[in-house]
>>> print(open('entry_21.pdb').read())   # PDB, N, CA and C atoms
MODEL        1
ATOM      1  N   MET T   1      55.249 -76.091  -8.867
ATOM      2  CA  MET T   1      54.965 -76.900 -10.028
ATOM      3  C   MET T   1      55.970 -76.595 -11.150
ATOM      4  N   ASN T   2      56.369 -75.331 -11.285
ATOM      5  CA  ASN T   2      57.320 -74.962 -12.330
ATOM      6  C   ASN T   2      58.731 -74.770 -11.786
ATOM      7  N   GLY T   3      58.912 -75.016 -10.503
ATOM      8  CA  GLY T   3      60.228 -74.860  -9.899
ATOM      9  C   GLY T   3      61.150 -76.004 -10.271
ATOM     10  N   ALA T   4      62.384 -75.903  -9.806
ATOM     11  CA  ALA T   4      63.376 -76.943 -10.083
ATOM     12  C   ALA T   4      64.173 -77.214  -8.816
ATOM     13  N   ASN T   5      64.750 -78.411  -8.760
ATOM     14  CA  ASN T   5      65.577 -78.753  -7.606
ATOM     15  C   ASN T   5      67.002 -78.214  -7.818
ATOM     16  N   ALA T   6      67.914 -78.565  -6.926
ATOM     17  CA  ALA T   6      69.296 -78.061  -6.990
ATOM     18  C   ALA T   6      70.006 -78.485  -8.275
ATOM     19  N   LEU T   7      69.537 -79.551  -8.905
ATOM     20  CA  LEU T   7      70.142 -80.024 -10.154
ATOM     21  C   LEU T   7      69.392 -79.526 -11.387
ATOM     22  N   SER T   8      68.478 -78.559 -11.172
ATOM     23  CA  SER T   8      67.666 -77.953 -12.246
ATOM     24  C   SER T   8      66.658 -78.921 -12.856
ATOM     25  N   ASN T   9      66.293 -79.970 -12.128
ATOM     26  CA  ASN T   9      65.270 -80.900 -12.604
ATOM     27  C   ASN T   9      63.896 -80.401 -12.176
ATOM     28  N   THR T  10      62.992 -80.298 -13.121
ATOM     29  CA  THR T  10      61.623 -79.886 -12.826
ATOM     30  C   THR T  10      60.791 -81.117 -12.490
ATOM     31  N   PRO T  11      59.635 -80.916 -11.850
ATOM     32  CA  PRO T  11      58.753 -82.064 -11.592
ATOM     33  C   PRO T  11      58.378 -82.802 -12.882
ATOM     34  N   LEU T  12      58.154 -82.048 -13.962
ATOM     35  CA  LEU T  12      57.811 -82.684 -15.234
ATOM     36  C   LEU T  12      58.957 -83.558 -15.717
ATOM     37  N   MET T  13      60.160 -83.066 -15.618
ATOM     38  CA  MET T  13      61.315 -83.840 -16.072
ATOM     39  C   MET T  13      61.493 -85.118 -15.239
ATOM     40  N   LEU T  14      61.345 -84.998 -13.949
ATOM     41  CA  LEU T  14      61.511 -86.174 -13.085
ATOM     42  C   LEU T  14      60.416 -87.205 -13.329
ATOM     43  N   ALA T  15      59.174 -86.738 -13.491
ATOM     44  CA  ALA T  15      58.076 -87.662 -13.762
ATOM     45  C   ALA T  15      58.282 -88.356 -15.104
ATOM     46  N   ALA T  16      58.772 -87.602 -16.088
ATOM     47  CA  ALA T  16      59.038 -88.184 -17.405
ATOM     48  C   ALA T  16      60.184 -89.188 -17.323
ATOM     49  N   TRP T  17      61.232 -88.840 -16.602
ATOM     50  CA  TRP T  17      62.408 -89.706 -16.458
ATOM     51  C   TRP T  17      62.028 -91.061 -15.868
ATOM     52  N   PHE T  18      61.182 -91.029 -14.825
ATOM     53  CA  PHE T  18      60.816 -92.263 -14.134
ATOM     54  C   PHE T  18      59.564 -92.935 -14.704
ATOM     55  N   GLY T  19      58.971 -92.353 -15.736
ATOM     56  CA  GLY T  19      57.850 -92.988 -16.409
ATOM     57  C   GLY T  19      56.521 -92.900 -15.694
ATOM     58  N   HIS T  20      56.309 -91.857 -14.917
ATOM     59  CA  HIS T  20      55.052 -91.688 -14.179
ATOM     60  C   HIS T  20      54.034 -90.945 -15.053
ATOM     61  N   GLU T  21      53.337 -91.719 -15.898
ATOM     62  CA  GLU T  21      52.393 -91.121 -16.853
ATOM     63  C   GLU T  21      51.305 -90.296 -16.162
ATOM     64  N   GLY T  22      50.769 -90.799 -15.077
ATOM     65  CA  GLY T  22      49.713 -90.081 -14.365
ATOM     66  C   GLY T  22      50.174 -88.736 -13.856
ATOM     67  N   VAL T  23      51.393 -88.677 -13.345
ATOM     68  CA  VAL T  23      51.936 -87.409 -12.839
ATOM     69  C   VAL T  23      52.166 -86.448 -13.998
ATOM     70  N   VAL T  24      52.721 -86.960 -15.096
ATOM     71  CA  VAL T  24      52.944 -86.110 -16.280
ATOM     72  C   VAL T  24      51.611 -85.558 -16.764
ATOM     73  N   GLU T  25      50.612 -86.430 -16.858
ATOM     74  CA  GLU T  25      49.289 -85.995 -17.321
ATOM     75  C   GLU T  25      48.719 -84.913 -16.406
ATOM     76  N   ALA T  26      48.839 -85.107 -15.093
ATOM     77  CA  ALA T  26      48.315 -84.128 -14.135
ATOM     78  C   ALA T  26      49.047 -82.792 -14.268
ATOM     79  N   LEU T  27      50.372 -82.836 -14.420
ATOM     80  CA  LEU T  27      51.142 -81.605 -14.567
ATOM     81  C   LEU T  27      50.755 -80.859 -15.846
ATOM     82  N   LEU T  28      50.583 -81.609 -16.924
ATOM     83  CA  LEU T  28      50.194 -80.978 -18.190
ATOM     84  C   LEU T  28      48.795 -80.370 -18.090
ATOM     85  N   GLU T  29      47.877 -81.074 -17.440
ATOM     86  CA  GLU T  29      46.512 -80.556 -17.268
ATOM     87  C   GLU T  29      46.503 -79.298 -16.413
ATOM     88  N   LYS T  30      47.411 -79.222 -15.446
ATOM     89  CA  LYS T  30      47.479 -78.048 -14.566
ATOM     90  C   LYS T  30      48.188 -76.869 -15.235
ATOM     91  N   GLY T  31      48.751 -77.108 -16.428
ATOM     92  CA  GLY T  31      49.370 -76.002 -17.166
ATOM     93  C   GLY T  31      50.832 -75.777 -16.872
ATOM     94  N   VAL T  32      51.548 -76.834 -16.493
ATOM     95  CA  VAL T  32      52.978 -76.700 -16.238
ATOM     96  C   VAL T  32      53.648 -76.074 -17.463
ATOM     97  N   LYS T  33      54.632 -75.213 -17.213
ATOM     98  CA  LYS T  33      55.346 -74.581 -18.318
ATOM     99  C   LYS T  33      56.155 -75.634 -19.061
ATOM    100  N   LEU T  34      56.178 -75.523 -20.375
ATOM    101  CA  LEU T  34      56.941 -76.482 -21.169
ATOM    102  C   LEU T  34      58.277 -75.862 -21.555
ATOM    103  N   GLY T  35      58.369 -75.135 -22.631
ATOM    104  CA  GLY T  35      59.620 -74.506 -23.041
ATOM    105  C   GLY T  35      60.793 -75.460 -22.962
ATOM    106  N   ASP T  36      61.910 -75.005 -22.406
ATOM    107  CA  ASP T  36      63.097 -75.846 -22.268
ATOM    108  C   ASP T  36      62.830 -77.057 -21.374
ATOM    109  N   ALA T  37      62.017 -76.845 -20.335
ATOM    110  CA  ALA T  37      61.696 -77.958 -19.430
ATOM    111  C   ALA T  37      60.950 -79.059 -20.182
ATOM    112  N   GLY T  38      60.094 -78.675 -21.123
ATOM    113  CA  GLY T  38      59.386 -79.660 -21.923
ATOM    114  C   GLY T  38      60.329 -80.444 -22.818
ATOM    115  N   ASP T  39      61.306 -79.732 -23.403
ATOM    116  CA  ASP T  39      62.307 -80.420 -24.232
ATOM    117  C   ASP T  39      63.121 -81.395 -23.396
ATOM    118  N   ASP T  40      63.545 -80.957 -22.202
ATOM    119  CA  ASP T  40      64.330 -81.830 -21.326
ATOM    120  C   ASP T  40      63.500 -83.040 -20.884
ATOM    121  N   ALA T  41      62.233 -82.806 -20.563
ATOM    122  CA  ALA T  41      61.364 -83.908 -20.131
ATOM    123  C   ALA T  41      61.144 -84.890 -21.280
ATOM    124  N   ARG T  42      60.956 -84.360 -22.484
ATOM    125  CA  ARG T  42      60.764 -85.235 -23.654
ATOM    126  C   ARG T  42      62.006 -86.089 -23.871
ATOM    127  N   ARG T  43      63.186 -85.478 -23.778
ATOM    128  CA  ARG T  43      64.441 -86.224 -23.941
ATOM    129  C   ARG T  43      64.589 -87.287 -22.855
ATOM    130  N   ALA T  44      64.264 -86.912 -21.615
ATOM    131  CA  ALA T  44      64.380 -87.854 -20.495
ATOM    132  C   ALA T  44      63.450 -89.041 -20.701
ATOM    133  N   ALA T  45      62.220 -88.772 -21.133
ATOM    134  CA  ALA T  45      61.259 -89.856 -21.361
ATOM    135  C   ALA T  45      61.746 -90.770 -22.480
ATOM    136  N   THR T  46      62.196 -90.172 -23.567
ATOM    137  CA  THR T  46      62.646 -90.960 -24.715
ATOM    138  C   THR T  46      63.865 -91.796 -24.361
ATOM    139  N   LYS T  47      64.807 -91.187 -23.650
ATOM    140  CA  LYS T  47      66.040 -91.890 -23.277
ATOM    141  C   LYS T  47      65.742 -93.130 -22.442
ATOM    142  N   ASN T  48      64.693 -93.063 -21.643
ATOM    143  CA  ASN T  48      64.346 -94.181 -20.760
ATOM    144  C   ASN T  48      63.234 -95.058 -21.325
ATOM    145  N   GLY T  49      62.918 -94.867 -22.606
ATOM    146  CA  GLY T  49      61.940 -95.735 -23.255
ATOM    147  C   GLY T  49      60.495 -95.416 -22.950
ATOM    148  N   HIS T  50      60.218 -94.242 -22.402
ATOM    149  CA  HIS T  50      58.841 -93.850 -22.073
ATOM    150  C   HIS T  50      58.274 -93.021 -23.233
ATOM    151  N   HIS T  51      58.083 -93.680 -24.361
ATOM    152  CA  HIS T  51      57.671 -92.977 -25.575
ATOM    153  C   HIS T  51      56.250 -92.438 -25.469
ATOM    154  N   ASN T  52      55.397 -93.086 -24.669
ATOM    155  CA  ASN T  52      54.045 -92.560 -24.457
ATOM    156  C   ASN T  52      54.106 -91.183 -23.823
ATOM    157  N   ILE T  53      55.004 -91.007 -22.874
ATOM    158  CA  ILE T  53      55.134 -89.723 -22.184
ATOM    159  C   ILE T  53      55.677 -88.666 -23.140
ATOM    160  N   ALA T  54      56.662 -89.037 -23.948
ATOM    161  CA  ALA T  54      57.184 -88.084 -24.939
ATOM    162  C   ALA T  54      56.060 -87.649 -25.871
ATOM    163  N   GLY T  55      55.211 -88.591 -26.260
ATOM    164  CA  GLY T  55      54.067 -88.270 -27.107
ATOM    165  C   GLY T  55      53.067 -87.366 -26.412
ATOM    166  N   MET T  56      52.859 -87.583 -25.113
ATOM    167  CA  MET T  56      51.949 -86.723 -24.351
ATOM    168  C   MET T  56      52.459 -85.291 -24.324
ATOM    169  N   ILE T  57      53.755 -85.135 -24.122
ATOM    170  CA  ILE T  57      54.354 -83.794 -24.077
ATOM    171  C   ILE T  57      54.250 -83.141 -25.458
ATOM    172  N   ASP T  58      54.549 -83.889 -26.506
ATOM    173  CA  ASP T  58      54.425 -83.359 -27.875
ATOM    174  C   ASP T  58      52.996 -82.918 -28.163
ATOM    175  N   ALA T  59      52.035 -83.757 -27.797
ATOM    176  CA  ALA T  59      50.628 -83.446 -28.064
ATOM    177  C   ALA T  59      50.194 -82.181 -27.326
ATOM    178  N   GLU T  60      50.612 -82.047 -26.083
ATOM    179  CA  GLU T  60      50.240 -80.864 -25.306
ATOM    180  C   GLU T  60      50.895 -79.610 -25.881
ATOM    181  N   GLU T  61      52.139 -79.731 -26.294
ATOM    182  CA  GLU T  61      52.832 -78.592 -26.892
ATOM    183  C   GLU T  61      52.119 -78.167 -28.181
ATOM    184  N   SER T  62      51.713 -79.132 -28.992
ATOM    185  CA  SER T  62      50.981 -78.835 -30.230
ATOM    186  C   SER T  62      49.641 -78.189 -29.932
ATOM    187  N   ARG T  63      48.944 -78.703 -28.923
ATOM    188  CA  ARG T  63      47.649 -78.136 -28.554
ATOM    189  C   ARG T  63      47.794 -76.686 -28.123
ATOM    190  N   ARG T  64      48.811 -76.419 -27.304
ATOM    191  CA  ARG T  64      49.028 -75.044 -26.835
ATOM    192  C   ARG T  64      49.415 -74.119 -27.987
ATOM    193  N   LEU T  65      50.211 -74.615 -28.910
ATOM    194  CA  LEU T  65      50.613 -73.806 -30.058
ATOM    195  C   LEU T  65      49.405 -73.469 -30.930
ATOM    196  N   ARG T  66      48.558 -74.475 -31.199
ATOM    197  CA  ARG T  66      47.349 -74.221 -31.998
ATOM    198  C   ARG T  66      46.444 -73.201 -31.310
ATOM    199  N   ALA T  67      46.290 -73.318 -29.989
ATOM    200  CA  ALA T  67      45.455 -72.375 -29.247
ATOM    201  C   ALA T  67      46.027 -70.962 -29.329
ATOM    202  N   ALA T  68      47.345 -70.836 -29.242
ATOM    203  CA  ALA T  68      47.978 -69.520 -29.332
ATOM    204  C   ALA T  68      47.795 -68.916 -30.722
ATOM    205  N   ILE T  69      47.911 -69.745 -31.750
ATOM    206  CA  ILE T  69      47.713 -69.257 -33.122
ATOM    207  C   ILE T  69      46.271 -68.819 -33.324
ATOM    208  N   GLU T  70      45.318 -69.624 -32.847
ATOM    209  CA  GLU T  70      43.907 -69.260 -32.977
ATOM    210  C   GLU T  70      43.611 -67.950 -32.264
ATOM    211  N   LYS T  71      44.178 -67.770 -31.078
ATOM    212  CA  LYS T  71      43.960 -66.542 -30.319
ATOM    213  C   LYS T  71      44.571 -65.343 -31.048
ATOM    214  N   ALA T  72      45.769 -65.524 -31.587
ATOM    215  CA  ALA T  72      46.461 -64.420 -32.259
ATOM    216  C   ALA T  72      45.804 -64.032 -33.577
ATOM    217  N   THR T  73      45.129 -64.983 -34.220
ATOM    218  CA  THR T  73      44.544 -64.699 -35.531
ATOM    219  C   THR T  73      43.038 -64.480 -35.465
ATOM    220  N   ALA T  74      42.459 -64.513 -34.277
ATOM    221  CA  ALA T  74      41.009 -64.304 -34.146
ATOM    222  C   ALA T  74      40.656 -62.918 -34.674
ATOM    223  N   GLY T  75      39.638 -62.871 -35.501
ATOM    224  CA  GLY T  75      39.176 -61.596 -36.025
ATOM    225  C   GLY T  75      39.881 -61.137 -37.291
ATOM    226  N   LEU T  76      40.908 -61.832 -37.702
ATOM    227  CA  LEU T  76      41.582 -61.455 -38.943
ATOM    228  C   LEU T  76      40.766 -61.959 -40.129
ATOM    229  N   PRO T  77      40.836 -61.240 -41.261
ATOM    230  CA  PRO T  77      40.094 -61.724 -42.426
ATOM    231  C   PRO T  77      40.687 -63.030 -42.940
ATOM    232  N   ALA T  78      39.841 -63.780 -43.611
ATOM    233  CA  ALA T  78      40.292 -65.055 -44.176
ATOM    234  C   ALA T  78      41.312 -64.786 -45.280
ATOM    235  N   PRO T  79      42.275 -65.690 -45.467
ATOM    236  CA  PRO T  79      43.257 -65.489 -46.535
ATOM    237  C   PRO T  79      42.582 -65.610 -47.898
ATOM    238  N   PRO T  80      43.167 -64.988 -48.925
ATOM    239  CA  PRO T  80      42.572 -65.089 -50.261
ATOM    240  C   PRO T  80      42.668 -66.525 -50.768
ATOM    241  N   PRO T  81      41.782 -66.891 -51.689
ATOM    242  CA  PRO T  81      41.848 -68.258 -52.213
ATOM    243  C   PRO T  81      43.119 -68.446 -53.034
ATOM    244  N   PRO T  82      43.587 -69.672 -53.144
ATOM    245  CA  PRO T  82      44.811 -69.911 -53.926
ATOM    246  C   PRO T  82      44.535 -69.676 -55.414
ATOM    247  N   PRO T  83      45.574 -69.368 -56.182
ATOM    248  CA  PRO T  83      45.364 -69.172 -57.616
ATOM    249  C   PRO T  83      44.978 -70.496 -58.271
ATOM    250  N   PRO T  84      44.317 -70.425 -59.421
ATOM    251  CA  PRO T  84      43.935 -71.673 -60.088
ATOM    252  C   PRO T  84      45.176 -72.454 -60.502
ATOM    253  N   GLU T  85      45.021 -73.768 -60.522
ATOM    254  CA  GLU T  85      46.170 -74.614 -60.879
ATOM    255  C   GLU T  85      46.554 -74.454 -62.339
ATOM    256  N   ASN T  86      45.587 -74.297 -63.201
ATOM    257  CA  ASN T  86      45.848 -74.124 -64.631
ATOM    258  C   ASN T  86      45.342 -72.752 -65.054
ATOM    259  N   PRO T  87      46.197 -71.738 -64.933
ATOM    260  CA  PRO T  87      45.738 -70.395 -65.294
ATOM    261  C   PRO T  87      45.378 -70.348 -66.780
ATOM    262  N   PRO T  88      44.435 -69.480 -67.126
ATOM    263  CA  PRO T  88      44.049 -69.393 -68.531
ATOM    264  C   PRO T  88      45.230 -68.948 -69.390
ATOM    265  N   LYS T  89      45.262 -69.443 -70.626
ATOM    266  CA  LYS T  89      46.339 -69.073 -71.535
ATOM    267  C   LYS T  89      46.114 -67.649 -72.018
ATOM    268  N   VAL T  90      47.205 -66.933 -72.113
ATOM    269  CA  VAL T  90      47.147 -65.555 -72.591
ATOM    270  C   VAL T  90      47.180 -65.576 -74.108
ATOM    271  N   LYS T  91      46.291 -64.805 -74.704
ATOM    272  CA  LYS T  91      46.306 -64.683 -76.165
ATOM    273  C   LYS T  91      47.120 -63.446 -76.502
ATOM    274  N   TRP T  92      48.286 -63.694 -77.039
ATOM    275  CA  TRP T  92      49.187 -62.609 -77.385
ATOM    276  C   TRP T  92      48.806 -62.031 -78.758
ATOM    277  N   PRO T  93      48.963 -60.707 -78.902
ATOM    278  CA  PRO T  93      48.738 -60.122 -80.228
ATOM    279  C   PRO T  93      49.744 -60.692 -81.224
ATOM    280  N   LYS T  94      49.393 -60.676 -82.473
ATOM    281  CA  LYS T  94      50.257 -61.200 -83.512
ATOM    282  C   LYS T  94      51.616 -60.522 -83.423
ATOM    283  N   GLY T  95      52.665 -61.318 -83.508
ATOM    284  CA  GLY T  95      54.019 -60.794 -83.445
ATOM    285  C   GLY T  95      54.619 -60.757 -82.030
ATOM    286  N   PHE T  96      53.799 -61.046 -81.008
ATOM    287  CA  PHE T  96      54.288 -61.000 -79.628
ATOM    288  C   PHE T  96      54.333 -62.376 -78.984
ATOM    289  N   GLU T  97      54.153 -63.439 -79.764
ATOM    290  CA  GLU T  97      54.176 -64.796 -79.204
ATOM    291  C   GLU T  97      55.539 -65.108 -78.621
ATOM    292  N   LEU T  98      55.539 -65.888 -77.570
ATOM    293  CA  LEU T  98      56.807 -66.290 -76.954
ATOM    294  C   LEU T  98      57.312 -67.558 -77.561
TER     295      LEU T  98
ENDMDL
END
>>> encode(input="entry_21.pdb", output="structure tokens")
Amino acid sequence: MNGANALSNTPLMLAAWFGHEGVVEALLEKGVKLGDAGDDARRAATKNGHHNIAGMIDAEESRRLRAAIEKATAGLPAPPPPPPENPPKVKWPKGFEL
């Protein structure tokens, strides 16, 4: 599934090149590695007008990235709240006004 032929084409790249949405979907569901192969497959799909497939690859890459971030940050404390937009004005002692 993650192998390549003699020309370094992966199954994902070939399916994307020829516009086989069902095959691309099945490969993505099975967890095919993306990385450089995903970039090549996205380019192949786009070059041949298969924008739905490029979108599928983008969506899967985003999903995997979000899952990795959630896993890496699980159990960490929540970030502090942002500072107020209009901080209170400082009352300077007489003679120290800016």
>>> atom_distance(input="entry_21.pdb", atom1="atom C of T:Asp40", atom2="atom C of T:Glu25")
15.6 Å
>>> resolve_selection(input="entry_21.pdb", expression="the PyMOL selection byres (((chain T and resi 55 and name CA) around 12) and name CA)", output="PyMOL selection string")
chain T and resi 16+21+24-25+38-39+41-43+45-46+49-54+56-62
>>> resolve_selection(input="entry_21.pdb", expression="the PyMOL selection byres ((chain T and resi 1-9) around 6)", output="list in words")
Thr10, Pro11, Met13, Leu14, Val32 and Lys33 of chain T
>>> select_by_dssp(input="entry_21.pdb", residues="chain T", states="alpha helix (DSSP H)", output="ChimeraX atom specification")
/T:11-18,21-29,35-47,51-73
>>> closest_residue(input="entry_21.pdb", among="T:Gly19, T:Pro93, T:Pro77, T:Gly35", to="T:Leu65", atoms="only C-alpha atoms")
T:Gly35
>>> atom_distance(input="entry_21.pdb", atom1="atom C of T:Leu28", atom2="atom C of T:Arg64")
11.7 Å
>>> atom_distance(input="entry_21.pdb", atom1="atom N of T:Ala44", atom2="atom N of T:Lys30")
19.5 Å
